[in-house]
>>> print(open('start-v7.txt').read())   # compact mmCIF, C-alpha atoms
# COMPACT_ATOMS: atom_id res chain seq x y z
CA MET A 1 -5.49 73.31 -124.81
CA GLU A 2 -3.62 73.26 -121.50
CA LEU A 3 -0.47 74.98 -122.76
CA LEU A 4 -2.41 77.89 -124.26
CA ASN A 5 -4.45 78.25 -121.05
CA GLN A 6 -1.17 78.44 -119.14
CA ILE A 7 0.10 81.17 -121.46
CA SER A 8 -3.12 83.10 -120.84
CA GLU A 9 -2.83 82.56 -117.06
CA TYR A 10 0.81 83.66 -116.82
CA LEU A 11 0.05 86.65 -119.02
CA GLN A 12 -2.68 87.70 -116.60
CA GLN A 13 -0.19 87.36 -113.75
CA GLY A 14 2.24 89.56 -115.67
CA ASP A 15 4.95 86.90 -115.76
CA ASP A 16 6.79 87.78 -118.98
CA GLU A 17 9.49 85.15 -118.52
CA LYS A 18 6.95 82.32 -118.26
CA VAL A 19 4.94 83.65 -121.22
CA PHE A 20 8.14 83.80 -123.27
CA GLU A 21 9.13 80.28 -122.26
CA LEU A 22 5.70 78.71 -122.83
CA THR A 23 5.23 80.49 -126.17
CA GLY A 24 8.54 78.97 -127.26
CA ILE A 25 7.36 75.52 -126.16
CA ALA A 26 4.05 75.97 -127.98
CA ILE A 27 5.90 76.86 -131.20
CA LYS A 28 8.14 73.78 -130.81
CA GLU A 29 5.10 71.58 -130.23
CA GLY A 30 3.76 72.72 -133.59
CA ILE A 31 0.82 74.77 -132.35
CA SER A 32 0.02 77.32 -135.03
CA PRO A 33 1.04 80.92 -134.28
CA LYS A 34 -2.56 82.01 -134.91
CA GLU A 35 -3.79 79.62 -132.19
CA ILE A 36 -1.09 80.81 -129.79
CA LEU A 37 -2.14 84.39 -130.48
CA ASP A 38 -5.90 83.87 -130.25
CA ASP A 39 -6.23 81.24 -127.52
CA GLY A 40 -3.19 82.15 -125.43
CA LEU A 41 -2.10 85.77 -125.68
CA LEU A 42 -5.29 87.50 -126.82
CA ALA A 43 -7.41 85.40 -124.48
CA GLY A 44 -5.25 86.53 -121.55
CA ILE A 45 -5.12 90.20 -122.49
CA GLY A 46 -8.88 90.16 -123.11
CA ILE A 47 -9.46 89.12 -119.51
CA ILE A 48 -7.04 91.83 -118.32
CA GLY A 49 -8.97 94.42 -120.34
CA LYS A 50 -12.26 93.35 -118.74
CA GLN A 51 -10.78 93.36 -115.22
CA PHE A 52 -9.35 96.84 -115.81
CA LYS A 53 -12.69 98.07 -117.09
CA ASN A 54 -14.38 96.67 -113.97
CA HIS A 55 -11.77 98.31 -111.69
CA GLU A 56 -10.68 94.88 -110.43
CA ILE A 57 -7.09 95.61 -111.47
CA PHE A 58 -5.25 98.87 -112.11
CA LEU A 59 -2.79 100.54 -114.48
CA PRO A 60 0.42 98.85 -113.20
CA ASP A 61 -1.25 95.41 -113.49
CA VAL A 62 -2.31 96.16 -117.07
CA LEU A 63 1.19 97.29 -117.99
CA LEU A 64 2.70 94.20 -116.40
CA ALA A 65 0.36 92.00 -118.47
CA ALA A 66 1.07 94.05 -121.61
CA LYS A 67 4.79 93.49 -121.07
CA ALA A 68 4.17 89.73 -120.84
CA MET A 69 1.99 89.92 -123.95
CA GLN A 70 4.79 91.64 -125.82
CA ALA A 71 7.26 88.93 -124.73
CA GLY A 72 5.03 86.28 -126.33
CA LEU A 73 4.14 88.39 -129.34
CA ASN A 74 7.80 89.01 -130.19
CA GLN A 75 8.25 85.26 -130.57
CA ILE A 76 5.27 84.59 -132.83
CA LYS A 77 5.36 87.80 -134.89
CA PRO A 78 7.88 86.50 -137.47
CA LEU A 79 5.79 83.34 -137.82
CA LEU A 80 2.57 85.30 -138.30
CA GLU A 81 4.29 87.35 -141.00
CA ARG A 82 5.68 84.20 -142.62
CA ASP A 83 2.18 82.65 -142.71
CA LYS A 84 0.79 85.95 -144.07
CA ILE A 85 -1.79 86.06 -141.32
CA PRO A 86 -3.35 89.51 -141.57
CA GLY A 87 -3.21 91.77 -138.54
CA MET A 88 -6.25 93.29 -136.89
CA GLY A 89 -5.68 96.66 -138.61
CA LYS A 90 -3.32 99.58 -138.82
CA ILE A 91 -3.62 102.43 -136.32
CA VAL A 92 -1.81 105.79 -136.41
CA LEU A 93 -1.55 107.24 -132.91
CA GLY A 94 -0.24 110.44 -131.44
CA THR A 95 -0.63 113.35 -129.04
CA VAL A 96 -1.60 116.50 -130.91
CA LYS A 97 0.53 119.60 -131.50
CA GLY A 98 1.05 121.63 -128.35
CA ASP A 99 0.63 118.70 -125.99
CA VAL A 100 3.34 116.48 -124.54
CA HIS A 101 1.19 114.30 -122.30
CA ASP A 102 1.60 110.81 -123.67
CA ILE A 103 1.09 108.30 -120.90
CA GLY A 104 -2.52 107.57 -121.89
CA LYS A 105 -1.62 107.44 -125.56
CA ASN A 106 1.30 105.09 -124.81
CA LEU A 107 -1.01 102.81 -122.86
CA VAL A 108 -3.46 102.69 -125.77
CA GLY A 109 -0.55 101.87 -128.10
CA ILE A 110 0.70 99.08 -125.84
CA MET A 111 -2.76 97.56 -125.52
CA LEU A 112 -3.43 97.83 -129.26
CA LYS A 113 -0.15 96.10 -130.09
CA GLY A 114 -1.04 93.50 -127.52
CA ALA A 115 -4.38 92.99 -129.21
CA GLY A 116 -2.67 92.32 -132.54
CA TYR A 117 -2.96 95.73 -134.22
CA ASP A 118 -0.17 97.30 -136.23
CA VAL A 119 0.53 100.57 -134.42
CA ILE A 120 2.36 103.57 -135.83
CA ASP A 121 3.03 105.81 -132.85
CA LEU A 122 3.93 109.31 -134.01
CA GLY A 123 4.77 110.42 -130.47
CA LYS A 124 3.76 113.70 -128.84
CA ASP A 125 3.47 117.34 -129.95
CA VAL A 126 2.78 115.99 -133.46
CA ALA A 127 1.97 118.38 -136.32
CA SER A 128 -1.55 117.98 -137.73
CA GLU A 129 -0.20 117.42 -141.26
CA GLN A 130 1.93 114.52 -140.03
CA PHE A 131 -1.13 112.64 -138.77
CA VAL A 132 -2.92 113.08 -142.10
CA GLU A 133 0.08 112.30 -144.32
CA THR A 134 1.04 109.20 -142.34
CA ALA A 135 -2.52 107.88 -142.32
CA ILE A 136 -2.82 108.27 -146.12
CA ILE A 137 0.64 106.88 -146.95
CA GLU A 138 0.32 103.94 -144.55
CA LYS A 139 -3.30 103.24 -145.55
CA ALA A 140 -4.26 103.29 -141.90
CA ASN A 141 -7.65 102.05 -140.75
CA VAL A 142 -7.85 104.40 -137.79
CA VAL A 143 -6.20 107.58 -136.55
CA GLY A 144 -6.17 107.94 -132.77
CA LEU A 145 -5.72 111.44 -131.36
CA SER A 146 -4.91 112.25 -127.76
CA ALA A 147 -4.91 115.57 -125.87
CA LEU A 148 -4.76 116.31 -122.16
CA LEU A 149 -4.98 120.08 -122.31
CA THR A 150 -8.18 121.98 -123.01
CA THR A 151 -6.05 124.40 -125.02
CA THR A 152 -4.91 121.64 -127.40
CA MET A 153 -8.26 119.88 -127.80
CA PRO A 154 -9.35 122.02 -130.79
CA VAL A 155 -6.32 120.75 -132.74
CA MET A 156 -8.11 117.39 -132.92
CA LYS A 157 -11.00 119.04 -134.77
CA GLU A 158 -8.54 120.51 -137.26
CA ILE A 159 -6.97 117.09 -137.93
CA ILE A 160 -10.36 115.41 -138.36
CA SER A 161 -11.40 118.08 -140.90
CA MET A 162 -8.09 117.76 -142.78
CA LEU A 163 -8.49 113.99 -142.88
CA LYS A 164 -12.06 114.21 -144.20
CA GLU A 165 -10.83 116.48 -146.96
CA LYS A 166 -8.04 114.07 -147.99
CA ASP A 167 -10.15 110.94 -147.52
CA PRO A 168 -13.67 111.91 -148.60
CA GLU A 169 -14.79 108.24 -148.76
CA GLY A 170 -14.18 107.99 -145.03
CA ASN A 171 -11.97 104.89 -145.22
CA ILE A 172 -9.81 106.22 -142.41
CA LYS A 173 -11.74 106.43 -139.17
CA THR A 174 -10.90 108.71 -136.25
CA ILE A 175 -11.03 108.16 -132.51
CA ILE A 176 -10.22 110.76 -129.87
CA GLY A 177 -9.49 110.63 -126.17
CA GLY A 178 -7.77 112.34 -123.26
CA ALA A 179 -8.83 113.61 -119.86
CA PRO A 180 -10.83 116.70 -120.93
CA VAL A 181 -12.39 115.01 -123.98
CA THR A 182 -16.03 113.87 -123.82
CA LYS A 183 -18.45 112.07 -126.14
CA ASN A 184 -20.11 115.42 -126.89
CA ILE A 185 -16.79 116.94 -127.91
CA ALA A 186 -16.06 113.92 -130.12
CA ASP A 187 -19.45 114.37 -131.83
CA GLU A 188 -18.91 118.10 -132.19
CA TYR A 189 -15.47 117.57 -133.75
CA GLY A 190 -16.83 114.93 -136.15
CA ALA A 191 -14.78 112.03 -134.75
CA ASP A 192 -16.00 108.52 -135.53
CA ALA A 193 -15.47 107.37 -131.97
CA TYR A 194 -14.55 108.50 -128.46
CA ALA A 195 -12.70 106.47 -125.83
CA PHE A 196 -12.82 107.26 -122.14
CA ASP A 197 -9.86 105.03 -121.28
CA ALA A 198 -7.33 102.68 -122.86
CA ALA A 199 -9.44 99.53 -122.56
CA ASN A 200 -12.41 101.35 -124.06
CA ALA A 201 -10.20 102.56 -126.92
CA ILE A 202 -9.53 98.95 -127.93
CA ASP A 203 -13.26 98.14 -127.83
CA GLN A 204 -14.13 101.20 -129.89
CA ILE A 205 -11.42 100.54 -132.47
CA LYS A 206 -12.69 96.95 -132.86
CA LEU A 207 -16.09 98.40 -133.75
CA LEU A 208 -14.59 100.87 -136.22
CA ILE A 209 -12.69 98.33 -138.34
CA MET B 1 18.29 126.56 -101.35
CA GLU B 2 19.58 123.50 -103.14
CA LEU B 3 17.26 120.89 -104.65
CA ILE B 4 18.44 117.41 -103.69
CA THR B 5 17.01 114.38 -105.49
CA SER B 6 16.54 112.32 -102.33
CA GLN B 7 14.39 115.11 -100.86
CA ILE B 8 11.98 115.29 -103.78
CA VAL B 9 11.37 111.63 -104.67
CA PRO B 10 7.85 110.42 -103.92
CA SER B 11 6.96 107.32 -101.92
CA PHE B 12 5.67 104.09 -103.48
CA SER B 13 2.19 104.81 -102.12
CA ASP B 14 2.21 108.32 -103.64
CA VAL B 15 3.11 106.84 -107.04
CA LEU B 16 0.40 104.18 -106.81
CA ARG B 17 -2.18 106.79 -105.79
CA ARG B 18 -1.25 108.97 -108.78
CA GLN B 19 -1.63 105.91 -111.03
CA GLY B 20 -5.16 105.44 -109.77
CA VAL B 21 -4.49 102.42 -107.54
CA PRO B 22 -6.73 102.43 -104.44
CA GLU B 23 -5.08 102.03 -101.03
CA GLN B 24 -6.69 98.65 -100.33
CA ALA B 25 -5.58 97.10 -103.65
CA THR B 26 -3.27 94.08 -103.61
CA ILE B 27 0.07 94.95 -105.18
CA LYS B 28 2.00 92.30 -107.08
CA GLU B 29 5.61 91.84 -106.01
CA ALA B 30 6.76 92.46 -109.61
CA ILE B 31 5.16 95.92 -109.49
CA ARG B 32 6.91 96.72 -106.21
CA LEU B 33 10.25 95.61 -107.68
CA ASP B 34 9.67 97.67 -110.82
CA PHE B 35 8.95 100.72 -108.67
CA TYR B 36 12.30 100.37 -106.92
CA SER B 37 14.08 99.87 -110.25
CA ALA B 38 12.39 103.03 -111.57
CA LEU B 39 13.34 104.92 -108.41
CA GLU B 40 16.96 103.86 -108.77
CA ILE B 41 17.11 104.98 -112.41
CA PHE B 42 15.41 108.27 -111.50
CA GLN B 43 17.83 108.93 -108.65
CA SER B 44 20.83 108.33 -110.85
CA SER B 45 19.54 110.38 -113.80
CA ALA B 46 17.69 113.33 -112.21
CA LYS B 47 19.41 116.66 -112.04
CA PRO B 48 16.98 118.92 -110.20
CA GLN B 49 17.58 122.62 -110.70
CA TYR B 50 15.58 125.79 -110.31
CA LEU B 51 15.60 129.51 -110.93
CA ALA B 52 13.54 131.94 -108.89
CA GLU B 53 13.30 135.69 -108.69
CA GLU B 54 11.25 137.99 -106.50
CA ILE B 55 9.23 140.56 -108.41
CA SER B 56 6.77 143.32 -107.60
CA LYS B 57 3.01 142.97 -107.86
CA GLU B 58 3.01 145.53 -110.66
CA ILE B 59 5.52 143.59 -112.74
CA PHE B 60 3.60 140.37 -112.22
CA ASP B 61 0.44 142.13 -113.33
CA GLU B 62 2.16 142.91 -116.62
CA ILE B 63 3.47 139.35 -116.94
CA PHE B 64 0.08 137.83 -116.19
CA ASN B 65 -1.78 139.96 -118.71
CA ALA B 66 0.87 140.07 -121.45
CA SER B 67 -0.51 137.27 -123.62
CA GLY B 68 -4.10 138.53 -123.54
CA LEU B 69 -5.18 134.90 -123.67
CA ASN B 70 -6.17 134.26 -120.04
CA GLU B 71 -9.74 133.37 -119.15
CA GLU B 72 -11.65 136.57 -118.51
CA GLU B 73 -12.76 135.34 -115.12
CA ASN B 74 -10.06 133.57 -113.15
CA PRO B 75 -9.08 133.23 -109.50
CA LEU B 76 -5.44 134.22 -109.89
CA GLN B 77 -6.10 137.87 -110.70
CA SER B 78 -7.62 138.52 -107.28
CA ILE B 79 -5.08 136.29 -105.52
CA TYR B 80 -2.02 138.19 -106.72
CA SER B 81 -3.75 141.54 -106.38
CA ALA B 82 -4.03 140.87 -102.64
CA ALA B 83 -0.56 139.30 -102.34
CA ASP B 84 2.19 140.57 -100.06
CA GLN B 85 5.11 139.04 -101.92
CA ILE B 86 5.59 137.35 -105.29
CA ALA B 87 8.35 135.32 -106.98
CA LEU B 88 8.63 133.69 -110.38
CA PHE B 89 10.15 130.24 -110.72
CA VAL B 90 11.18 127.49 -113.14
CA ILE B 91 12.04 124.00 -111.88
CA THR B 92 13.30 120.96 -113.79
CA VAL B 93 14.53 117.47 -113.01
CA GLY B 94 16.55 117.52 -116.24
CA GLY B 95 16.36 115.93 -119.66
CA VAL B 96 18.18 112.67 -118.92
CA VAL B 97 15.14 111.43 -117.00
CA THR B 98 12.98 111.70 -120.13
CA GLU B 99 15.61 109.87 -122.18
CA LYS B 100 15.70 107.06 -119.61
CA ILE B 101 11.89 106.77 -119.71
CA LYS B 102 12.03 106.42 -123.51
CA GLU B 103 14.83 103.89 -123.19
CA CYS B 104 12.73 101.75 -120.84
CA MET B 105 9.77 101.92 -123.23
CA THR B 106 11.97 100.75 -126.10
CA LYS B 107 13.23 97.82 -124.02
CA ASN B 108 9.63 96.77 -123.24
CA GLU B 109 10.17 97.76 -119.58
CA ILE B 110 6.82 99.51 -119.66
CA VAL B 111 6.01 99.26 -115.96
CA ILE B 112 9.35 100.83 -115.05
CA ALA B 113 8.84 103.53 -117.72
CA SER B 114 5.39 104.36 -116.39
CA MET B 115 6.64 104.37 -112.77
CA MET B 116 9.53 106.66 -113.74
CA ASP B 117 7.17 109.03 -115.50
CA THR B 118 5.01 109.30 -112.39
CA ILE B 119 8.03 109.58 -110.08
CA ALA B 120 9.40 112.45 -112.20
CA SER B 121 6.06 114.30 -112.28
CA LEU B 122 5.66 113.98 -108.52
CA ALA B 123 9.30 114.97 -107.93
CA VAL B 124 8.72 118.21 -109.84
CA GLU B 125 5.59 118.87 -107.76
CA ASN B 126 7.50 118.11 -104.56
CA SER B 127 10.18 120.57 -105.68
CA VAL B 128 7.55 123.29 -105.95
CA GLY B 129 6.54 122.42 -102.38
CA LEU B 130 10.13 122.84 -101.20
CA LEU B 131 10.37 126.17 -102.99
CA GLU B 132 7.15 127.29 -101.30
CA ASP B 133 8.65 126.32 -97.92
CA TYR B 134 11.87 128.15 -98.77
CA PHE B 135 10.03 131.37 -99.60
CA ALA B 136 7.74 131.00 -96.60
CA GLU B 137 10.82 131.05 -94.39
CA LYS B 138 12.58 133.77 -96.35
CA TRP B 139 9.50 136.00 -96.29
CA ASN B 140 8.81 135.24 -92.60
CA SER B 141 5.37 133.89 -93.39
CA ARG B 142 3.20 133.97 -90.26
CA GLU B 143 0.61 131.43 -89.17
CA GLU B 144 -2.30 133.36 -90.70
CA GLU B 145 -0.43 133.62 -94.00
CA THR B 146 0.53 131.08 -96.61
CA VAL B 147 2.82 130.72 -99.61
CA LEU B 148 1.49 128.85 -102.66
CA GLY B 149 2.59 128.30 -106.25
CA TYR B 150 0.46 128.67 -109.40
CA SER B 151 1.38 127.70 -112.95
CA PRO B 152 0.34 128.72 -116.48
CA GLY B 153 -2.06 126.17 -117.92
CA TYR B 154 -4.08 126.10 -114.71
CA CYS B 155 -6.76 128.28 -113.08
CA GLY B 156 -7.41 130.28 -116.25
CA TRP B 157 -3.78 131.36 -116.72
CA HIS B 158 -2.98 130.57 -120.35
CA LEU B 159 0.08 128.47 -121.16
CA ALA B 160 1.37 131.42 -123.21
CA GLY B 161 2.10 133.08 -119.84
CA GLN B 162 5.27 131.01 -119.79
CA THR B 163 6.78 133.25 -122.47
CA GLU B 164 7.00 136.17 -120.06
CA ILE B 165 8.34 133.99 -117.23
CA PHE B 166 11.05 132.75 -119.60
CA ARG B 167 11.84 136.30 -120.74
CA ILE B 168 12.57 137.32 -117.17
CA LEU B 169 14.18 134.20 -115.66
CA LYS B 170 16.04 133.02 -118.78
CA PRO B 171 15.88 129.32 -117.79
CA GLU B 172 17.96 128.42 -120.84
CA LYS B 173 20.75 128.80 -118.24
CA ILE B 174 19.55 125.56 -116.65
CA ASP B 175 18.78 123.97 -120.05
CA VAL B 176 15.04 124.52 -119.97
CA HIS B 177 13.55 125.76 -123.25
CA LEU B 178 10.11 126.79 -124.41
CA SER B 179 8.64 125.57 -127.70
CA ASP B 180 6.46 127.61 -130.07
CA SER B 181 3.46 125.83 -128.61
CA PHE B 182 4.48 126.88 -125.05
CA LEU B 183 5.76 123.48 -124.00
CA MET B 184 8.82 123.15 -121.83
CA GLU B 185 11.72 120.92 -122.74
CA PRO B 186 12.64 118.87 -120.74
CA ILE B 187 9.00 118.00 -120.20
CA LYS B 188 9.51 117.22 -116.52
CA SER B 189 9.74 120.92 -115.71
CA VAL B 190 7.34 123.44 -114.25
CA SER B 191 7.17 127.22 -114.24
CA GLY B 192 4.97 129.63 -112.38
CA VAL B 193 4.57 132.12 -109.60
CA ILE B 194 4.85 131.78 -105.85
CA ILE B 195 2.55 134.03 -103.89
CA LYS B 196 2.57 134.96 -100.21
CA GLY B 197 -0.45 136.48 -98.56
CA PRO B 198 -3.17 135.95 -95.97
CA LYS B 199 -4.59 132.41 -96.23
CA GLU B 200 -8.03 133.66 -97.28
CA ILE B 201 -6.75 135.20 -100.53
CA HIS B 202 -5.95 131.70 -101.80
CA LEU B 203 -9.51 130.49 -101.25
CA PHE B 204 -11.93 130.57 -104.17
CA ARG B 205 -14.99 128.74 -105.45
CA ASN B 206 -13.90 126.24 -108.07
CA ASN B 207 -16.86 126.82 -110.34
CA PHE B 208 -15.19 128.81 -113.10
CA GLN B 209 -16.05 127.69 -116.62
CA PHE B 210 -12.62 126.08 -117.09
CA CYS B 211 -12.90 124.09 -113.83
CA SER B 212 -15.21 121.59 -115.56
CA THR B 213 -12.39 120.52 -117.87
CA CYS B 214 -9.63 120.61 -115.24
CA VAL B 215 -7.98 117.20 -114.95
CA ASP B 216 -6.58 117.22 -111.44
CA HIS B 217 -8.53 119.65 -109.22
CA THR B 218 -5.54 120.03 -106.90
CA CYS B 219 -6.99 123.37 -105.79
CA VAL B 220 -9.57 121.43 -103.74
CA SER B 221 -7.00 119.67 -101.54
CA ARG B 222 -4.84 122.79 -101.35
CA MET B 223 -7.74 124.87 -100.10
CA LYS B 224 -8.79 122.11 -97.72
CA ASN B 225 -5.28 122.21 -96.19
CA LEU B 226 -5.54 125.98 -95.80
CA LYS B 227 -8.79 125.70 -93.89
CA LYS B 228 -7.30 123.27 -91.34
>>> encode(input="start-v7.txt", output="structure tokens")
Amino acid sequence: MELLNQISEYLQQGDDEKVFELTGIAIKEGISPKEILDDGLLAGIGIIGKQFKNHEIFLPDVLLAAKAMQAGLNQIKPLLERDKIPGMGKIVLGTVKGDVHDIGKNLVGIMLKGAGYDVIDLGKDVASEQFVETAIIEKANVVGLSALLTTTMPVMKEIISMLKEKDPEGNIKTIIGGAPVTKNIADEYGADAYAFDAANAIDQIKLLI
Amino acid sequence: MELITSQIVPSFSDVLRRQGVPEQATIKEAIRLDFYSALEIFQSSAKPQYLAEEISKEIFDEIFNASGLNEEENPLQSIYSAADQIALFVITVGGVVTEKIKECMTKNEIVIASMMDTIASLAVENSVGLLEDYFAEKWNSREEETVLGYSPGYCGWHLAGQTEIFRILKPEKIDVHLSDSFLMEPIKSVSGVIIKGPKEIHLFRNNFQFCSTCVDHTCVSRMKNLKK
């Protein structure tokens, strides 16, 4: 559908005003919010994710597109809730205790929201117990842990162990990331997944849920 | 020395480089405009301040080893042992900057928020550079000598080292505080030591165990500059 293609195109260009305007038109024309989400917004952000992964575009371009995505999403979100269309999943995110570096984590949060996930961002320097309690209370699908310092990386292991104790069935999955984190560390810590960047985090979370 | 905001703000190209954008990349006009909006907010909200104090090599030795948590093998031990002059420092651009970044995030101005975050980080780094220049002049640093700063959290110096720096400088006076987990508030702050000595004392092989997990490797470019 031409209108939805246009939404996708303007989203890729990072034009939030156009995305907002066209999403409004699509709603007025009676296109279902699910179609607007899937064939307009998610289609556009999917292309952005691929381009970012292939180093064809860079962080500011992704953020610009995510801002446009949010402009469209804000319009259809009440309609999606009204129609009881389930989200993609619930993710609890945060930077672990002792670490205040949150740019990467924020980017993951923005891209997850853009991809239709319900994100609970606990912020930075978050106590281990808070991750576990929030994940259990909110019935989260995934807990995403971020650390930039080598000194704070071991805190992720502690949280994963605490979570396994509280959720022995393993319903809540874990994913870790951050500059010093590697796949080997993720395996060693018992994480269900490792993401090397924000776009990869979305791919990995899709596989987890 | 007085820290003036206009003297520490980074250029657009510096910000893009830090965000991983290659020089040849095409930059959208909206990104350029967001950079200038971020710069304007930063300039109106930053309140750069610093504290610095010259100390003896012996006192720094105590400060450096106080936590007992440093990497056993690290380059800094031999650097300060061969130093001629040493000063401790704490620099901040203030807490309002962080509040403005959060505000932009809440308003979905995520490009501006991200640009501001990078501008603030680079401004703090540029402030350290100005402080290095200030001490180089004050200490009459000669051509064969250099003055460089080092911070806890890098080069095997444990973050807990900040406790001793805070005990001596008392940066609470400029509204900088240290958390139980050794994190500074406001987060756009840096503490450390400035060391003057012959250029060769600052050169080391970056193959320590902790170098493999280092995220920025700024020592490489710093040492390259020294060799010029």
>>> interface_residues(input="start-v7.txt", of="chain A", to="chain B", cutoff="6 Å", atoms="all atoms listed in the file", output="PyMOL selection string")
chain A and resi 58+63+98+180
>>> atom_distance(input="start-v7.txt", atom1="CA of Val143 (chain A)", atom2="CA of Pro86 (chain A)")
19.0 Å
>>> closest_residue(input="start-v7.txt", among="A:Met153, A:Ala115, A:Ile175, A:Ile31", to="Gln70 (chain A)", atoms="only C-alpha atoms")
A:Ala115
>>> closest_residue(input="start-v7.txt", among="B:His177, B:Arg18, B:Lys196, B:Lys47", to="Glu137 (chain B)", atoms="all atoms listed in the file")
B:Lys196
>>> atom_distance(input="start-v7.txt", atom1="CA of Gly177 (chain A)", atom2="CA of Asp38 (chain A)")
27.3 Å
>>> residues_around(input="start-v7.txt", residues="Leu163 (chain A)", least_positions_apart="4", cutoff="9 Å", atoms="only C-alpha atoms", output="list in words")
Phe131, Val132, Glu133, Ala135, Ile136, Glu158, Ile159, Asp167, Pro168, Gly170, Ile172 and Thr174 of chain A
>>> closest_residue(input="start-v7.txt", among="B:Leu76, B:Leu169, B:Ile119, B:Val96", to="His202 (chain B)", atoms="only C-alpha atoms")
B:Leu76
>>> closest_residue(input="start-v7.txt", among="A:Phe52, A:Phe20, A:Tyr117, A:Tyr10", to="Ile205 (chain A)", atoms="only C-alpha atoms")
A:Tyr117
>>> residues_around(input="start-v7.txt", residues="Ser8 (chain A)", least_positions_apart="3", cutoff="12 Å", atoms="only C-alpha atoms", output="number ranges by chain")
A: 1-5, 11-16, 18-20, 22-23, 35-48, 65-66, 68-69, 72
>>> closest_residue(input="start-v7.txt", among="B:Asp84, B:Glu143, B:Glu23, B:Glu72", to="Glu54 (chain B)", atoms="all atoms listed in the file")
B:Asp84
>>> atom_distance(input="start-v7.txt", atom1="CA of Lys124 (chain A)", atom2="CA of Ala199 (chain A)")
20.4 Å
>>> residues_around(input="start-v7.txt", residues="Pro152 (chain B)", least_positions_apart="5", cutoff="8 Å", atoms="all atoms listed in the file", output="list in words")
Trp157, His158, Leu159, Ala160, Gly161, Gln162, Ser191 and Gly192 of chain B
>>> residues_around(input="start-v7.txt", residues="Lys105 (chain A)", least_positions_apart="3", cutoff="12 Å", atoms="all atoms listed in the file", output="PyMOL selection string")
(chain A and resi 92-96+99-102+108-112+119-125+143-148+175-179+195-199+201-202) or (chain B and resi 114)
>>> closest_residue(input="start-v7.txt", among="B:Tyr36, B:Phe208, B:Tyr50, B:Phe166", to="Val93 (chain B)", atoms="all atoms listed in the file")
B:Tyr50
>>> residues_around(input="start-v7.txt", residues="Cys219 (chain B)", least_positions_apart="5", cutoff="9 Å", atoms="all atoms listed in the file", output="PyMOL selection string")
chain B and resi 155+203-204+206+224
>>> write_last_selection(input="start-v7.txt", atoms="C-alpha atoms", output="tab-separated table (two decimals), in the frame of the given file")
chain	number	residue	atom	x	y	z
B	155	CYS	CA	-6.76	128.28	-113.08
B	203	LEU	CA	-9.51	130.49	-101.25
B	204	PHE	CA	-11.93	130.57	-104.17
B	206	ASN	CA	-13.90	126.24	-108.07
B	224	LYS	CA	-8.79	122.11	-97.72
>>> residues_near_point(input="start-v7.txt", point="(9.4, 130.8, -113.2)", cutoff="9 Å", atoms="only C-alpha atoms", output="list in words")
Tyr50, Leu51, Ala52, Glu53, Ala87, Leu88, Phe89, Val90, Ile91, Ser151, Gln162, Ile165, Phe166, Ile168, Leu169, Lys170, Pro171, Val190, Ser191, Gly192, Val193 and Ile194 of chain B
>>> residues_near_point(input="start-v7.txt", point="(-2.4, 137.8, -102.7)", cutoff="9 Å", atoms="only C-alpha atoms", output="list in words")
Leu76, Gln77, Ser78, Ile79, Tyr80, Ser81, Ala82, Ala83, Asp84, Gln85, Ile86, Ile195, Lys196, Gly197, Pro198, Lys199, Glu200, Ile201 and His202 of chain B
